[in-house]
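Before any comments, here is the structure.
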Amino acid sequence: VDGSGGEPVTGDVAIRDGLIAAIGKVDGAAREVIEAGGALVTPGFIDVHTHYDGQFLWDDKLDPSFSNGVTTAIAGNCGVGFAPARPEHRRELVQLMEGVEDIPESVLNEGLAWDWTSFPDYLDRLAERRYTMDVAAHITHAPLRVFVMGDRALKHEQATPEDIAEMSRLVREAMEAGAIGFSGARITEHTSSTGANVPGTFAAEEE
């Protein structure tokens, strides 16, 4: 496909130093030739909405994204995730992911080592692993809110100016460490496996 939504065309793609050097009829010697006749040759796809927050920590292949041509997977969506996290609230974060994304608590409990506290710590754990593709993550509102406010966040109390200032500081810290964005949600249908609304669902606009 020529990139403008036109009909597929048959052609060659030449790669030099990791960049496309030519498209169309390419002559000349090549270090490696891949015969791709009958196949689609496309740019890598970016899966902008995954919930691989846990899977990143135990799965290097990342299917079904890998088998569908994805070359970058982005986790940390819908405001739920696993960092930052204090030990006393890990179960609630797992129950949120189970309820919102139907990922069984037993799977998450088996797969999560919880060898991080901050979001930068979490990114460090990801950086220690190798994957079939590039990975990235947003910092998410629910664990951030619970990390700062504790049980007040789970009870949907409004954040104080001091709470908001601390959340802001931690978001800046996460972005500087490599978070690609911030994710939140106000979908009332999103509930944990215990039926509780996601922390932040009823947060004031200022927060």
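Letters for chains follow the order of the structure tokens (A, B, ...), residue numbers begin at 1 for each chain, and ligand numbers begin at 1 in the order shown.
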
Per-residue nearest contacts range 110-133 of chain A to range 141-152 of chain A, cut-off 10 Å, using only C-alpha atoms, as CSV:
residue,atom,partner,partner_atom,distance
A:Thr117,CA,A:Phe147,CA,9.3
A:Ser118,CA,A:Phe147,CA,9.2
A:Phe119,CA,A:Leu144,CA,9.0

Now that the selection is made, can you save its residues with N, CA, C and O atoms as an mmCIF file, in the first residue's frame?
data_model
loop_
_atom_site.group_PDB
_atom_site.id
_atom_site.type_symbol
_atom_site.label_atom_id
_atom_site.label_comp_id
_atom_site.auth_asym_id
_atom_site.auth_seq_id
_atom_site.Cartn_x
_atom_site.Cartn_y
_atom_site.Cartn_z
ATOM 1 N N THR A 117 8.505 -0.080 43.905
ATOM 2 C CA THR A 117 7.590 0.771 44.653
ATOM 3 C C THR A 117 7.163 1.952 43.791
ATOM 4 O O THR A 117 5.989 2.163 43.549
ATOM 5 N N SER A 118 8.130 2.685 43.277
ATOM 6 C CA SER A 118 7.838 3.866 42.460
ATOM 7 C C SER A 118 7.623 3.485 41.001
ATOM 8 O O SER A 118 7.948 2.369 40.572
ATOM 9 N N PHE A 119 7.117 4.445 40.218
ATOM 10 C CA PHE A 119 6.978 4.196 38.786
ATOM 11 C C PHE A 119 8.351 4.065 38.116
ATOM 12 O O PHE A 119 8.539 3.170 37.280
#

Inset, instruction - Considering only C-alpha atoms, return as a ChimeraX atom specification whatever protein or nucleic-acid residues lie within 12 Å of Asn68 in chain A, sequence-local ones (same chain, fewer than 5 positions apart) excluded. - result: /A:40,42,44-47,61-63,73,133

Legend entry - helix (DSSP H, G or I) residues, from DSSP on the backbone, in range 4-71 of chain A, as a list of chain:residue names: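 Of range 4-71 of chain A, the ones in helix (DSSP H, G or I) are A:Gln55, A:Phe56, A:Leu57, A:Phe66, A:Ser67, A:Asn68.
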
Go ahead and dump the residues you just picked, all heavy atoms, as a tab-separated table (two decimals), in the first residue's frame.
chain	number	residue	atom	x	y	z
A	55	GLN	N	1.75	-8.44	32.25
A	55	GLN	CA	2.35	-9.35	31.27
A	55	GLN	C	3.75	-8.94	30.87
A	55	GLN	O	4.60	-9.79	30.58
A	55	GLN	CB	1.44	-9.42	30.03
A	55	GLN	CG	1.71	-10.58	29.10
A	55	GLN	CD	0.61	-10.74	28.06
A	55	GLN	OE1	-0.52	-10.34	28.28
A	55	GLN	NE2	0.96	-11.33	26.94
A	56	PHE	N	4.02	-7.63	30.86
A	56	PHE	CA	5.38	-7.16	30.57
A	56	PHE	C	6.40	-7.82	31.49
A	56	PHE	O	7.57	-7.93	31.15
A	56	PHE	CB	5.47	-5.64	30.78
A	56	PHE	CG	4.98	-4.81	29.62
A	56	PHE	CD1	4.78	-3.45	29.80
A	56	PHE	CD2	4.73	-5.35	28.38
A	56	PHE	CE1	4.35	-2.65	28.75
A	56	PHE	CE2	4.29	-4.56	27.32
A	56	PHE	CZ	4.11	-3.20	27.50
A	57	LEU	N	5.97	-8.23	32.67
A	57	LEU	CA	6.90	-8.72	33.68
A	57	LEU	C	7.12	-10.23	33.63
A	57	LEU	O	7.98	-10.75	34.34
A	57	LEU	CB	6.41	-8.31	35.07
A	57	LEU	CG	6.43	-6.79	35.28
A	57	LEU	CD1	5.47	-6.37	36.37
A	57	LEU	CD2	7.84	-6.31	35.57
A	66	PHE	N	2.21	-9.52	19.11
A	66	PHE	CA	3.34	-9.92	18.27
A	66	PHE	C	2.88	-10.59	16.98
A	66	PHE	O	3.35	-10.26	15.89
A	66	PHE	CB	4.26	-10.87	19.05
A	66	PHE	CG	5.34	-11.49	18.23
A	66	PHE	CD1	6.47	-10.76	17.88
A	66	PHE	CD2	5.23	-12.80	17.80
A	66	PHE	CE1	7.47	-11.34	17.11
A	66	PHE	CE2	6.23	-13.38	17.04
A	66	PHE	CZ	7.35	-12.65	16.69
A	67	SER	N	1.94	-11.50	17.09
A	67	SER	CA	1.49	-12.25	15.92
A	67	SER	C	0.66	-11.43	14.95
A	67	SER	O	0.35	-11.89	13.85
A	67	SER	CB	0.68	-13.49	16.37
A	67	SER	OG	1.52	-14.36	17.10
A	68	ASN	N	0.29	-10.22	15.34
A	68	ASN	CA	-0.49	-9.34	14.47
A	68	ASN	C	0.35	-8.19	13.92
A	68	ASN	O	-0.19	-7.20	13.44
A	68	ASN	CB	-1.71	-8.81	15.22
A	68	ASN	CG	-2.81	-9.85	15.31
A	68	ASN	OD1	-3.49	-10.13	14.33
A	68	ASN	ND2	-2.97	-10.44	16.48

Fewer than 3 positions away in the same chain doesn't count, so skip those; otherwise give me all residues within 7 Å of His51 in chain A, counting only C-alpha atoms, as a tab-separated table (two decimals) with N, CA and C atoms, in the first residue's frame.
chain	number	residue	atom	x	y	z
A	75	ALA	N	1.28	0.03	27.45
A	75	ALA	CA	0.43	-0.36	28.58
A	75	ALA	C	0.10	0.87	29.42
A	76	GLY	N	-0.70	0.64	30.46
A	76	GLY	CA	-1.05	1.73	31.36
A	76	GLY	C	-2.23	2.52	30.83
A	77	ASN	N	-3.32	1.86	30.56
A	77	ASN	CA	-4.50	2.52	30.01
A	77	ASN	C	-5.68	2.40	30.99

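Using only C-alpha atoms, the shortest contact distance between Leu154 in chain A and any of A:Thr140, A:Thr191, A:Ser168, A:Thr132 is found at A:Thr191.
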
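Comparing A:Ala85, A:Ala14, A:Ile103, A:Val135 by their smallest distance to Asp115 in chain A, the closest is A:Ala85 (using only C-alpha atoms).
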
Legend entry - Gap from CA of Ala185 in chain A to CA of Ala153 in chain A - Å, one decimal: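 Pair CA of Ala185 in chain A / CA of Ala153 in chain A returns 14.4 Å.
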
Legend entry - Distance in Å - CA of Leu126 in chain A versus CA of Val80 in chain A: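 Computed distance, CA of Leu126 in chain A to CA of Val80 in chain A, equals 17.3 Å.
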
Inset, instruction - Using backbone DSSP assignments, extract all strand (DSSP E) residues from range 42-87 of chain A; output them as a ChimeraX atom specification. - result: /A:45-47,70-75

Legend entry - Within 9 Å of Ala177 in chain A using only C-alpha atoms, minus same-chain residues under 3 positions, as a list in words: Phe119, Pro120, Leu123, Arg172, Glu173 and Ala174 of chain A

Would you put the residues from that selection into a file with all heavy atoms, as a PDB file, in the first residue's frame?
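Output below, filename out00.pdb:
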ATOM      1  N   PHE A 119       7.117   4.445  40.218  1.00  0.00           N
ATOM      2  CA  PHE A 119       6.978   4.196  38.786  1.00  0.00           C
ATOM      3  C   PHE A 119       8.351   4.065  38.116  1.00  0.00           C
ATOM      4  O   PHE A 119       8.539   3.170  37.280  1.00  0.00           O
ATOM      5  CB  PHE A 119       6.138   5.290  38.121  1.00  0.00           C
ATOM      6  CG  PHE A 119       5.715   4.923  36.727  1.00  0.00           C
ATOM      7  CD1 PHE A 119       4.551   4.203  36.504  1.00  0.00           C
ATOM      8  CD2 PHE A 119       6.485   5.285  35.638  1.00  0.00           C
ATOM      9  CE1 PHE A 119       4.166   3.829  35.218  1.00  0.00           C
ATOM     10  CE2 PHE A 119       6.106   4.934  34.354  1.00  0.00           C
ATOM     11  CZ  PHE A 119       4.951   4.203  34.140  1.00  0.00           C
ATOM     12  N   PRO A 120       9.327   4.900  38.446  1.00  0.00           N
ATOM     13  CA  PRO A 120      10.662   4.673  37.879  1.00  0.00           C
ATOM     14  C   PRO A 120      11.216   3.293  38.202  1.00  0.00           C
ATOM     15  O   PRO A 120      11.880   2.672  37.360  1.00  0.00           O
ATOM     16  CB  PRO A 120      11.509   5.787  38.514  1.00  0.00           C
ATOM     17  CG  PRO A 120      10.523   6.907  38.715  1.00  0.00           C
ATOM     18  CD  PRO A 120       9.257   6.198  39.157  1.00  0.00           C
ATOM     19  N   LEU A 123       9.662   0.900  35.733  1.00  0.00           N
ATOM     20  CA  LEU A 123      10.308   0.990  34.429  1.00  0.00           C
ATOM     21  C   LEU A 123      11.675   0.304  34.439  1.00  0.00           C
ATOM     22  O   LEU A 123      12.069  -0.307  33.446  1.00  0.00           O
ATOM     23  CB  LEU A 123      10.459   2.448  34.007  1.00  0.00           C
ATOM     24  CG  LEU A 123       9.176   3.210  33.675  1.00  0.00           C
ATOM     25  CD1 LEU A 123       9.513   4.629  33.216  1.00  0.00           C
ATOM     26  CD2 LEU A 123       8.336   2.494  32.624  1.00  0.00           C
ATOM     27  N   ARG A 172       5.582  14.070  37.281  1.00  0.00           N
ATOM     28  CA  ARG A 172       6.781  14.650  36.677  1.00  0.00           C
ATOM     29  C   ARG A 172       7.964  13.688  36.794  1.00  0.00           C
ATOM     30  O   ARG A 172       8.727  13.495  35.842  1.00  0.00           O
ATOM     31  CB  ARG A 172       7.123  15.990  37.341  1.00  0.00           C
ATOM     32  CG  ARG A 172       6.215  17.141  36.918  1.00  0.00           C
ATOM     33  CD  ARG A 172       6.778  18.496  37.351  1.00  0.00           C
ATOM     34  NE  ARG A 172       6.848  18.606  38.789  1.00  0.00           N
ATOM     35  CZ  ARG A 172       5.848  19.052  39.557  1.00  0.00           C
ATOM     36  NH1 ARG A 172       4.713  19.434  39.013  1.00  0.00           N
ATOM     37  NH2 ARG A 172       5.997  19.131  40.868  1.00  0.00           N
ATOM     38  N   GLU A 173       8.110  13.074  37.958  1.00  0.00           N
ATOM     39  CA  GLU A 173       9.179  12.105  38.182  1.00  0.00           C
ATOM     40  C   GLU A 173       9.053  10.935  37.212  1.00  0.00           C
ATOM     41  O   GLU A 173      10.047  10.478  36.629  1.00  0.00           O
ATOM     42  CB  GLU A 173       9.115  11.597  39.629  1.00  0.00           C
ATOM     43  CG  GLU A 173      10.120  10.511  39.972  1.00  0.00           C
ATOM     44  CD  GLU A 173       9.906   9.957  41.374  1.00  0.00           C
ATOM     45  OE1 GLU A 173       8.999   9.106  41.553  1.00  0.00           O
ATOM     46  OE2 GLU A 173      10.630  10.388  42.293  1.00  0.00           O
ATOM     47  N   ALA A 174       7.822  10.452  37.020  1.00  0.00           N
ATOM     48  CA  ALA A 174       7.592   9.326  36.118  1.00  0.00           C
ATOM     49  C   ALA A 174       7.900   9.701  34.674  1.00  0.00           C
ATOM     50  O   ALA A 174       8.519   8.924  33.931  1.00  0.00           O
ATOM     51  CB  ALA A 174       6.142   8.848  36.235  1.00  0.00           C
TER      52      ALA A 174
END

Legend entry - Computed interatomic separation between CA of Val33 in chain A and CA of Gly18 in chain A (Å):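 Computing the Euclidean distance for CA of Val33 in chain A and CA of Gly18 in chain A yields 14.5 Å.
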
Quick one: residues within 12 Å of Glu35 in chain A, only C-alpha atoms counted, chain neighbours fewer than 4 positions away excluded, as a CSV table (one decimal) with C-alpha atoms, in the first residue's frame?
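Written out: part-v9.csv:
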chain,number,residue,atom,x,y,z
A,11,GLY,CA,7.6,-3.6,-5.2
A,12,ASP,CA,10.9,-3.8,-3.3
A,13,VAL,CA,12.0,-2.1,-0.1
A,39,ALA,CA,2.9,-11.1,1.9
A,40,LEU,CA,2.1,-7.6,3.1
A,41,VAL,CA,5.1,-5.4,3.9
